[in-house]
>>> print(open('query-v6.pdb').read())   # PDB, C-alpha atoms
ATOM      1  CA  MET A   1       8.509  33.288  -6.983
ATOM      2  CA  THR A   2       5.645  30.784  -6.667
ATOM      3  CA  ALA A   3       2.564  32.092  -4.846
ATOM      4  CA  PRO A   4       1.943  30.594  -1.407
ATOM      5  CA  CYS A   5      -0.495  27.717  -1.035
ATOM      6  CA  VAL A   6      -3.508  29.156   0.814
ATOM      7  CA  PHE A   7      -5.373  27.440   3.657
ATOM      8  CA  ASP A   8      -8.655  28.626   5.123
ATOM      9  CA  ILE A   9      -9.056  27.178   8.648
ATOM     10  CA  PHE A  10     -12.656  27.160   9.858
ATOM     11  CA  ILE A  11     -13.207  27.177  13.622
ATOM     12  CA  ALA A  12     -16.327  27.439  15.768
ATOM     13  CA  ASP A  13     -16.685  28.033  19.503
ATOM     14  CA  GLY A  14     -15.335  25.040  21.387
ATOM     15  CA  PHE A  15     -12.795  24.141  18.698
ATOM     16  CA  VAL A  16     -10.035  21.707  19.644
ATOM     17  CA  LEU A  17      -6.675  23.396  20.230
ATOM     18  CA  THR A  18      -4.731  20.220  19.401
ATOM     19  CA  GLU A  19      -6.216  20.275  15.917
ATOM     20  CA  PHE A  20      -5.569  23.998  15.556
ATOM     21  CA  ALA A  21      -1.884  23.470  16.358
ATOM     22  CA  GLY A  22      -1.794  20.438  14.071
ATOM     23  CA  VAL A  23      -2.544  22.677  11.104
ATOM     24  CA  VAL A  24      -1.032  26.050  11.973
ATOM     25  CA  GLU A  25       2.253  24.886  13.504
ATOM     26  CA  VAL A  26       3.090  22.605  10.597
ATOM     27  CA  LEU A  27       2.524  25.429   8.101
ATOM     28  CA  ARG A  28       4.342  27.996  10.256
ATOM     29  CA  LEU A  29       7.407  25.807  10.697
ATOM     30  CA  ALA A  30       7.563  25.033   6.976
ATOM     31  CA  ASN A  31       7.638  28.774   6.243
ATOM     32  CA  ARG A  32      10.317  29.351   8.874
ATOM     33  CA  ILE A  33      12.568  26.597   7.598
ATOM     34  CA  ASN A  34      12.162  27.539   3.970
ATOM     35  CA  GLY A  35      12.850  31.224   4.584
ATOM     36  CA  ARG A  36       9.893  32.327   2.479
ATOM     37  CA  PRO A  37       6.097  31.940   2.696
ATOM     38  CA  LEU A  38       5.305  28.551   1.220
ATOM     39  CA  PHE A  39       1.957  28.636   2.982
ATOM     40  CA  GLU A  40      -0.573  31.289   3.911
ATOM     41  CA  TRP A  41      -3.527  30.703   6.221
ATOM     42  CA  HIS A  42      -6.619  32.554   7.340
ATOM     43  CA  LEU A  43      -8.713  31.776  10.412
ATOM     44  CA  ARG A  44     -12.396  31.716   9.517
ATOM     45  CA  SER A  45     -15.641  31.466  11.477
ATOM     46  CA  PRO A  46     -19.313  31.885  10.563
ATOM     47  CA  HIS A  47     -19.406  35.632  11.308
ATOM     48  CA  GLY A  48     -15.832  36.570  12.196
ATOM     49  CA  GLY A  49     -14.664  37.962  15.532
ATOM     50  CA  SER A  50     -13.285  36.186  18.592
ATOM     51  CA  VAL A  51     -13.741  32.429  18.903
ATOM     52  CA  THR A  52     -12.993  30.448  22.064
ATOM     53  CA  ALA A  53     -11.428  26.982  22.119
ATOM     54  CA  SER A  54     -12.587  24.196  24.438
ATOM     55  CA  SER A  55      -9.430  24.990  26.439
ATOM     56  CA  GLU A  56     -10.579  28.654  26.699
ATOM     57  CA  VAL A  57      -7.880  30.012  24.373
ATOM     58  CA  ILE A  58      -9.334  32.872  22.298
ATOM     59  CA  VAL A  59      -8.375  33.601  18.682
ATOM     60  CA  ALA A  60      -9.460  36.279  16.209
ATOM     61  CA  THR A  61     -11.172  35.241  12.969
ATOM     62  CA  THR A  62     -12.590  36.718   9.790
ATOM     63  CA  PRO A  63     -15.895  35.625   8.168
ATOM     64  CA  LEU A  64     -16.030  32.885   5.565
ATOM     65  CA  PRO A  65     -15.602  34.451   2.106
ATOM     66  CA  LYS A  66     -18.486  34.407  -0.358
ATOM     67  CA  ARG A  67     -16.086  33.491  -3.163
ATOM     68  CA  PRO A  68     -13.353  31.262  -1.702
ATOM     69  CA  GLU A  69      -9.874  31.601  -3.135
ATOM     70  CA  ALA A  70      -8.056  29.139  -0.849
ATOM     71  CA  ASP A  71      -6.483  25.915  -2.054
ATOM     72  CA  TYR A  72      -7.627  24.069   1.065
ATOM     73  CA  LEU A  73     -10.359  24.388   3.672
ATOM     74  CA  PHE A  74      -9.695  22.728   7.030
ATOM     75  CA  VAL A  75     -12.756  22.418   9.281
ATOM     76  CA  LEU A  76     -11.736  21.751  12.878
ATOM     77  CA  GLY A  77     -13.559  19.554  15.350
ATOM     78  CA  ASN A  78     -15.690  20.959  18.115
ATOM     79  CA  SER A  79     -16.339  20.010  21.729
ATOM     80  CA  ASP A  80     -20.111  20.000  21.071
ATOM     81  CA  PRO A  81     -21.124  16.966  18.997
ATOM     82  CA  ALA A  82     -24.365  18.723  17.990
ATOM     83  CA  CYS A  83     -22.794  22.085  17.056
ATOM     84  CA  PRO A  84     -24.880  23.520  14.164
ATOM     85  CA  ALA A  85     -21.946  25.655  12.993
ATOM     86  CA  LEU A  86     -20.280  22.479  11.691
ATOM     87  CA  SER A  87     -23.141  21.808   9.280
ATOM     88  CA  LEU A  88     -21.474  23.401   6.281
ATOM     89  CA  GLY A  89     -23.077  21.856   3.211
ATOM     90  CA  SER A  90     -23.271  25.011   1.057
ATOM     91  CA  THR A  91     -19.877  26.230   2.276
ATOM     92  CA  LEU A  92     -18.200  22.961   1.329
ATOM     93  CA  SER A  93     -19.784  23.164  -2.123
ATOM     94  CA  ALA A  94     -18.516  26.741  -2.538
ATOM     95  CA  TYR A  95     -14.954  25.542  -1.942
ATOM     96  CA  THR A  96     -15.043  22.290  -3.901
ATOM     97  CA  SER A  97     -16.701  23.987  -6.901
ATOM     98  CA  ARG A  98     -13.616  26.222  -7.101
ATOM     99  CA  GLN A  99     -11.310  23.166  -7.007
ATOM    100  CA  ALA A 100     -10.302  23.593  -3.354
ATOM    101  CA  ARG A 101      -9.839  20.452  -1.270
ATOM    102  CA  VAL A 102     -11.760  20.184   2.002
ATOM    103  CA  VAL A 103     -10.388  18.450   5.113
ATOM    104  CA  LEU A 104     -12.998  17.648   7.777
ATOM    105  CA  LEU A 105     -11.688  16.788  11.247
ATOM    106  CA  SER A 106     -13.465  14.642  13.877
ATOM    107  CA  GLU A 107     -16.890  16.203  14.643
ATOM    108  CA  ALA A 108     -16.883  18.085  11.333
ATOM    109  CA  ALA A 109     -16.401  14.759   9.545
ATOM    110  CA  SER A 110     -19.211  13.233  11.630
ATOM    111  CA  HIS A 111     -21.598  16.018  10.657
ATOM    112  CA  TYR A 112     -20.778  15.487   7.000
ATOM    113  CA  ILE A 113     -21.227  11.695   7.219
ATOM    114  CA  ALA A 114     -24.524  12.049   9.106
ATOM    115  CA  GLU A 115     -25.904  14.636   6.700
ATOM    116  CA  THR A 116     -24.950  12.715   3.554
ATOM    117  CA  LYS A 117     -25.970   9.365   5.143
ATOM    118  CA  ASP A 118     -22.960   7.847   3.407
ATOM    119  CA  ASP A 119     -22.533   4.226   4.542
ATOM    120  CA  THR A 120     -20.220   3.146   1.733
ATOM    121  CA  GLY A 121     -17.147   3.069   3.945
ATOM    122  CA  GLY A 122     -15.734   6.094   2.145
ATOM    123  CA  HIS A 123     -15.220   8.262   5.235
ATOM    124  CA  THR A 124     -13.798   8.227   8.738
ATOM    125  CA  THR A 125     -14.054  10.203  11.961
ATOM    126  CA  HIS A 126     -12.704  10.012  15.507
ATOM    127  CA  TRP A 127     -13.541   6.685  17.151
ATOM    128  CA  GLU A 128     -15.719   8.416  19.772
ATOM    129  CA  ASN A 129     -17.857   9.961  17.039
ATOM    130  CA  ARG A 130     -17.783   6.746  15.015
ATOM    131  CA  ALA A 131     -19.501   5.012  17.931
ATOM    132  CA  VAL A 132     -22.281   7.641  17.819
ATOM    133  CA  LEU A 133     -22.788   7.137  14.073
ATOM    134  CA  MET A 134     -22.967   3.392  14.550
ATOM    135  CA  GLU A 135     -25.439   3.488  17.440
ATOM    136  CA  ARG A 136     -27.627   6.368  16.280
ATOM    137  CA  LEU A 137     -27.651   6.038  12.506
ATOM    138  CA  GLY A 138     -26.531   2.460  11.918
ATOM    139  CA  LEU A 139     -23.610   3.626   9.752
ATOM    140  CA  PHE A 140     -21.458   0.595  10.481
ATOM    141  CA  ASP A 141     -19.192   0.893   7.435
ATOM    142  CA  THR A 142     -17.496   4.140   8.472
ATOM    143  CA  LYS A 143     -13.785   3.385   8.411
ATOM    144  CA  ALA A 144     -11.596   3.175  11.523
ATOM    145  CA  THR A 145      -8.539   4.708   9.855
ATOM    146  CA  LEU A 146      -6.888   8.059  10.617
ATOM    147  CA  ALA A 147      -8.123   9.594   7.360
ATOM    148  CA  VAL A 148      -9.880   8.778   4.109
ATOM    149  CA  ASP A 149      -9.041  10.684   0.926
ATOM    150  CA  GLY A 150     -12.233  10.989  -1.081
ATOM    151  CA  GLY A 151     -10.780  13.404  -3.616
ATOM    152  CA  ALA A 152     -12.464  16.754  -3.010
ATOM    153  CA  ILE A 153     -13.352  15.779   0.583
ATOM    154  CA  ILE A 154     -10.886  14.261   3.065
ATOM    155  CA  THR A 155     -12.375  13.039   6.335
ATOM    156  CA  CYS A 156     -10.055  12.657   9.305
ATOM    157  CA  ALA A 157     -10.068  11.444  12.905
ATOM    158  CA  GLY A 158      -8.574  14.782  13.987
ATOM    159  CA  MET A 159      -6.774  15.218  17.329
ATOM    160  CA  GLY A 160      -3.111  14.117  17.049
ATOM    161  CA  ALA A 161      -3.717  12.700  13.572
ATOM    162  CA  THR A 162      -4.111  16.296  12.367
ATOM    163  CA  PHE A 163      -0.322  16.634  12.397
ATOM    164  CA  ASP A 164       0.026  13.575  10.149
ATOM    165  CA  ILE A 165      -2.584  14.795   7.678
ATOM    166  CA  THR A 166      -1.179  18.341   7.499
ATOM    167  CA  LEU A 167       2.378  17.035   7.071
ATOM    168  CA  SER A 168       1.184  14.777   4.242
ATOM    169  CA  ILE A 169      -0.726  17.553   2.474
ATOM    170  CA  ALA A 170       2.014  20.148   2.948
ATOM    171  CA  SER A 171       4.595  17.728   1.504
ATOM    172  CA  GLN A 172       2.792  18.064  -1.847
ATOM    173  CA  HIS A 173       3.761  21.754  -1.915
ATOM    174  CA  ALA A 174       7.201  21.745  -0.258
ATOM    175  CA  THR A 175      10.412  19.782  -0.635
ATOM    176  CA  SER A 176      10.884  16.499   1.199
ATOM    177  CA  ALA A 177      13.813  18.036   3.079
ATOM    178  CA  THR A 178      11.627  20.876   4.355
ATOM    179  CA  MET A 179       8.836  18.625   5.603
ATOM    180  CA  THR A 180      11.248  16.107   7.122
ATOM    181  CA  THR A 181      12.791  18.952   9.105
ATOM    182  CA  VAL A 182       9.342  20.118  10.217
ATOM    183  CA  ALA A 183       8.560  16.620  11.479
ATOM    184  CA  ASP A 184      11.921  16.479  13.261
ATOM    185  CA  ILE A 185      11.304  19.812  15.016
ATOM    186  CA  LEU A 186       7.915  18.545  16.166
ATOM    187  CA  LEU A 187       9.633  15.330  17.367
ATOM    188  CA  HIS A 188       7.173  13.559  15.095
ATOM    189  CA  GLU A 189       9.217  10.462  14.398
ATOM    190  CA  ARG A 190       6.946   8.908  11.782
ATOM    191  CA  VAL A 191       4.221  10.436   9.643
ATOM    192  CA  ARG A 192       1.410   7.912   9.823
ATOM    193  CA  HIS A 193      -0.313   6.890   6.606
ATOM    194  CA  PHE A 194      -3.991   7.726   6.148
ATOM    195  CA  ASN A 195      -4.774   3.995   6.370
ATOM    196  CA  THR A 196      -3.280   3.656   9.870
ATOM    197  CA  LEU A 197      -5.909   2.344  12.268
ATOM    198  CA  GLN A 198      -6.995   4.466  15.211
ATOM    199  CA  PRO A 199      -6.526   3.173  18.778
ATOM    200  CA  PHE A 200      -9.813   1.613  19.987
ATOM    201  CA  SER A 201     -10.530   0.734  16.356
ATOM    202  CA  GLY A 202      -8.732  -2.509  15.753
ATOM    203  CA  LYS A 203      -5.131  -1.632  16.490
ATOM    204  CA  GLU A 204      -3.616  -2.817  19.741
ATOM    205  CA  VAL A 205      -2.932  -0.066  22.252
ATOM    206  CA  THR A 206       0.314  -1.629  23.330
ATOM    207  CA  THR A 207       2.574  -4.530  22.465
ATOM    208  CA  THR A 208       4.011  -6.893  25.022
ATOM    209  CA  GLY A 209       6.853  -8.522  23.138
ATOM    210  CA  ASP A 210       4.872 -11.772  23.114
ATOM    211  CA  THR A 211       3.380 -12.362  19.651
ATOM    212  CA  SER A 212       0.490 -14.560  20.755
ATOM    213  CA  LEU A 213      -0.443 -12.236  23.621
ATOM    214  CA  ASP A 214      -0.307  -9.241  21.275
ATOM    215  CA  ALA A 215      -2.712 -11.093  18.977
ATOM    216  CA  CYS A 216      -5.105 -11.576  21.900
ATOM    217  CA  LEU A 217      -4.950  -7.864  22.810
ATOM    218  CA  ALA A 218      -5.733  -6.979  19.208
ATOM    219  CA  LEU A 219      -8.742  -9.332  19.211
ATOM    220  CA  MET A 220     -10.054  -7.720  22.383
ATOM    221  CA  GLN A 221      -9.489  -4.260  20.919
ATOM    222  CA  ASP A 222     -11.388  -5.194  17.773
ATOM    223  CA  ASN A 223     -14.325  -6.853  19.528
ATOM    224  CA  MET A 224     -15.632  -4.560  22.230
ATOM    225  CA  GLU A 225     -19.233  -4.124  21.120
ATOM    226  CA  PHE A 226     -19.718  -7.890  20.886
ATOM    227  CA  PRO A 227     -17.104  -9.349  23.276
ATOM    228  CA  LEU A 228     -15.579 -12.725  22.501
ATOM    229  CA  ALA A 229     -15.286 -15.467  25.080
ATOM    230  CA  ILE A 230     -11.770 -15.692  26.532
ATOM    231  CA  SER A 231     -11.574 -19.319  25.391
ATOM    232  CA  GLU A 232     -12.301 -18.227  21.808
ATOM    233  CA  ILE A 233      -9.679 -15.459  21.958
ATOM    234  CA  ALA A 234      -7.110 -17.964  23.213
ATOM    235  CA  ALA A 235      -8.024 -20.487  20.517
ATOM    236  CA  ARG A 236      -7.735 -17.889  17.734
ATOM    237  CA  ALA A 237      -4.227 -17.081  18.965
ATOM    238  CA  GLY A 238      -3.288 -20.761  19.136
ATOM    239  CA  LEU A 239      -3.254 -20.897  22.933
ATOM    240  CA  SER A 240      -5.087 -22.766  25.632
ATOM    241  CA  LYS A 241      -7.204 -20.679  27.986
ATOM    242  CA  ARG A 242      -4.897 -21.579  30.885
ATOM    243  CA  SER A 243      -1.799 -20.598  28.928
ATOM    244  CA  LEU A 244      -3.364 -17.231  28.101
ATOM    245  CA  GLU A 245      -4.193 -16.658  31.764
ATOM    246  CA  ARG A 246      -0.575 -17.330  32.724
ATOM    247  CA  LYS A 247       0.703 -14.891  30.090
ATOM    248  CA  PHE A 248      -1.663 -12.171  31.319
ATOM    249  CA  ASN A 249      -0.627 -12.757  34.917
ATOM    250  CA  ARG A 250       3.087 -12.653  34.088
ATOM    251  CA  LEU A 251       3.175  -9.798  31.588
ATOM    252  CA  MET A 252       0.048  -7.714  32.270
ATOM    253  CA  LYS A 253      -0.377  -8.321  36.035
ATOM    254  CA  THR A 254      -4.086  -8.973  35.547
ATOM    255  CA  THR A 255      -6.493 -11.588  34.208
ATOM    256  CA  PRO A 256      -7.767 -11.730  30.603
ATOM    257  CA  ASN A 257     -11.305 -10.995  31.791
ATOM    258  CA  GLY A 258     -10.119  -8.112  33.971
ATOM    259  CA  TYR A 259      -8.142  -6.528  31.129
ATOM    260  CA  TYR A 260     -10.972  -6.980  28.595
ATOM    261  CA  ARG A 261     -13.548  -5.551  30.991
ATOM    262  CA  GLY A 262     -11.309  -2.582  31.820
ATOM    263  CA  LEU A 263     -10.743  -1.881  28.141
ATOM    264  CA  ARG A 264     -14.478  -1.740  27.499
ATOM    265  CA  LEU A 265     -15.149   0.330  30.622
ATOM    266  CA  ASN A 266     -12.500   2.878  29.619
ATOM    267  CA  LYS A 267     -14.096   3.184  26.195
ATOM    268  CA  ALA A 268     -17.492   3.589  27.872
ATOM    269  CA  ASN A 269     -16.148   6.340  30.117
ATOM    270  CA  ASN A 270     -14.726   8.223  27.135
ATOM    271  CA  LEU A 271     -18.033   7.988  25.303
ATOM    272  CA  LEU A 272     -19.933   9.061  28.409
ATOM    273  CA  LEU A 273     -17.865  12.214  28.934
ATOM    274  CA  ASN A 274     -17.267  13.167  25.301
ATOM    275  CA  THR A 275     -20.432  12.283  23.368
ATOM    276  CA  ASP A 276     -24.190  12.725  23.774
ATOM    277  CA  LEU A 277     -24.968   9.018  23.386
ATOM    278  CA  ARG A 278     -27.627   7.790  25.807
ATOM    279  CA  ILE A 279     -26.469   5.629  28.721
ATOM    280  CA  ASN A 280     -27.993   2.453  27.291
ATOM    281  CA  GLU A 281     -26.420   3.152  23.882
ATOM    282  CA  ILE A 282     -23.012   3.450  25.504
ATOM    283  CA  GLY A 283     -23.531   0.183  27.341
ATOM    284  CA  LEU A 284     -24.424  -1.579  24.093
ATOM    285  CA  ALA A 285     -21.497  -0.012  22.214
ATOM    286  CA  CYS A 286     -19.074  -1.333  24.830
ATOM    287  CA  GLY A 287     -20.452  -4.833  25.220
ATOM    288  CA  PHE A 288     -22.661  -4.326  28.281
ATOM    289  CA  PRO A 289     -26.184  -5.122  27.032
ATOM    290  CA  SER A 290     -27.576  -5.177  30.582
ATOM    291  CA  GLY A 291     -26.598  -3.929  34.040
ATOM    292  CA  PHE A 292     -24.315  -1.214  32.676
ATOM    293  CA  THR A 293     -25.155   1.351  35.392
ATOM    294  CA  THR A 294     -24.285  -1.099  38.168
ATOM    295  CA  ILE A 295     -21.089  -2.213  36.435
ATOM    296  CA  TYR A 296     -20.032   1.400  35.864
ATOM    297  CA  ARG A 297     -20.731   2.414  39.477
ATOM    298  CA  GLU A 298     -18.658  -0.491  40.781
ATOM    299  CA  ALA A 299     -15.733   0.551  38.566
ATOM    300  CA  PHE A 300     -15.840   4.356  38.938
ATOM    301  CA  GLY A 301     -17.646   4.938  42.241
ATOM    302  CA  MET A 302     -20.595   6.854  40.776
ATOM    303  CA  THR A 303     -23.430   6.288  38.338
ATOM    304  CA  PRO A 304     -22.978   7.134  34.643
ATOM    305  CA  ASN A 305     -25.436  10.036  34.990
ATOM    306  CA  ALA A 306     -23.506  11.487  37.930
ATOM    307  CA  ALA A 307     -20.200  11.111  36.092
ATOM    308  CA  ARG A 308     -21.591  12.847  33.013
ATOM    309  CA  LYS A 309     -22.947  15.764  35.080
ATOM    310  CA  LYS A 310     -19.659  16.105  36.962
ATOM    311  CA  GLY A 311     -17.627  15.972  33.771
ATOM    312  CA  ARG A 312     -19.688  18.713  32.124
ATOM    313  CA  HIS A 313     -19.200  21.093  35.064
ATOM    314  CA  LYS A 314     -15.376  20.909  35.157
TER     315      LYS A 314
END
>>> encode(input="query-v6.pdb", output="structure tokens")
Amino acid sequence: MTAPCVFDIFIADGFVLTEFAGVVEVLRLANRINGRPLFEWHLRSPHGGSVTASSEVIVATTPLPKRPEADYLFVLGNSDPACPALSLGSTLSAYTSRQARVVLLSEAASHYIAETKDDTGGHTTHWENRAVLMERLGLFDTKATLAVDGGAIITCAGMGATFDITLSIASQHATSATMTTVADILLHERVRHFNTLQPFSGKEVTTTGDTSLDACLALMQDNMEFPLAISEIAARAGLSKRSLERKFNRLMKTTPNGYYRGLRLNKANNLLLNTDLRINEIGLACGFPSGFTTIYREAFGMTPNAARKKGRHK
């Protein structure tokens, strides 16, 4: 009988439960379906003991081994973008030197990119963290895809994409029938390729059934830091500005400017509540070079500072 493929799963306080499930549940279901242990996993943390998720779920862990024997190391994202526990340079080297592959999710990927200062476009992270790298470090070439396979190191957007990445990796060690059944049980209709673009990173959030309108939504999605004029968006899609306004009114129940502004404000709100970017950096990242505080207050009924304080005390 072939020995199980071994995964070490590193978690720190504030880890993301969605990502935890995205690894563990895929491996667990594959074992259940196959009737024997295809996969084995160990929960690791810097010093072992209980670790609490951002959702307050508590799990037991063991310390990172001095001599890793796992085939893979998954490093989960963390609710604290500055968490020092995710700075794992020597640990990553310990695993890769023993031919293990390392998968870095969301904040863990961001830490790695920031520490290596790699602006070659060879990595990715969650779009929220990508905005921080762009504004703080000027790393504009970080990819907007779900994952990037760099050989020994795979960087990943994390969150729901964790299921896609784990299904893809596990399929290299299990039959296609087994992994198809796992995806079916999870109601995961399609395993997305690593090159799939993240929402808020160039891929339209929704489609309307109108090809030219969909093209306009994609242009807005892809140009939030430096917004395009509505007339230019219409022209690129082969429409007049008036025709585009009619399509928005009929199919979206709003105006092009209203939709575009709302899209950028929603991105700003996400960055405000889920990153440590300064208020002015968020405004710039979302196409509001001036007057962002006033614009935000009009949209959400409170200042950005008040919203950030309220969000952190929930």
>>> resolve_selection(input="query-v6.pdb", expression="the PyMOL selection byres ((chain A and resi 67) around 10)", output="count of residues only")
10
>>> resolve_selection(input="query-v6.pdb", expression="the PyMOL selection byres ((chain A and resi 26) around 9)", output="PyMOL selection string")
chain A and resi 21-25+27-31+163+166-167+170+179+182-183+186
>>> residues_around(input="query-v6.pdb", residues="segment 305-309 of chain A", least_positions_apart="4", cutoff="10 Å", atoms="all atoms listed in the file", output="list in words")
Asn269, Leu271, Leu272, Leu273, Asn274, Thr275, Asp276, Arg278, Ile279, Thr293, Tyr296, Arg297, Phe300, Gly301, His313 and Lys314 of chain A
>>> closest_residue(input="query-v6.pdb", among="A:Pro37, A:Gly49, A:Pro199, A:Pro289", to="Pro227 of chain A", atoms="all atoms listed in the file")
A:Pro289
>>> closest_residue(input="query-v6.pdb", among="A:Arg101, A:Lys143, A:His193, A:His47", to="Ile165 of chain A", atoms="only C-alpha atoms")
A:His193
>>> resolve_selection(input="query-v6.pdb", expression="the PyMOL selection byres ((chain A and resi 13) around 9)", output="short mmCIF file (atom, residue, chain, number, x, y, z; two decimals) with C-alpha atoms, in the coordinates of the input")
data_model
loop_
_atom_site.label_atom_id
_atom_site.label_comp_id
_atom_site.auth_asym_id
_atom_site.auth_seq_id
_atom_site.Cartn_x
_atom_site.Cartn_y
_atom_site.Cartn_z
CA ILE A 11 -13.21 27.18 13.62
CA ALA A 12 -16.33 27.44 15.77
CA GLY A 14 -15.34 25.04 21.39
CA PHE A 15 -12.80 24.14 18.70
CA SER A 45 -15.64 31.47 11.48
CA SER A 50 -13.28 36.19 18.59
CA VAL A 51 -13.74 32.43 18.90
CA THR A 52 -12.99 30.45 22.06
CA ALA A 53 -11.43 26.98 22.12
CA SER A 54 -12.59 24.20 24.44
CA ASN A 78 -15.69 20.96 18.11
CA SER A 79 -16.34 20.01 21.73
CA ASP A 80 -20.11 20.00 21.07
CA CYS A 83 -22.79 22.08 17.06
CA ALA A 85 -21.95 25.66 12.99
#
>>> residues_near_point(input="query-v6.pdb", point="(-18.5, 17.8, 14.9)", cutoff="6 Å", atoms="only C-alpha atoms", output="ChimeraX atom specification")
/A:77-78,81,86,107-108,110-111
>>> closest_residue(input="query-v6.pdb", among="A:Ala161, A:Leu133, A:Gln198, A:Val191", to="Thr145 of chain A", atoms="all atoms listed in the file")
A:Gln198
>>> closest_residue(input="query-v6.pdb", among="A:Pro63, A:Phe226, A:Ile33, A:Val75", to="Ala177 of chain A", atoms="all atoms listed in the file")
A:Ile33
>>> atom_distance(input="query-v6.pdb", atom1="atom CA of Asn249 of chain A", atom2="atom CA of Met220 of chain A")
16.5 Å
>>> closest_residue(input="query-v6.pdb", among="A:Thr162, A:Asn129, A:Gln221, A:Ser97", to="Gly287 of chain A", atoms="all atoms listed in the file")
A:Gln221
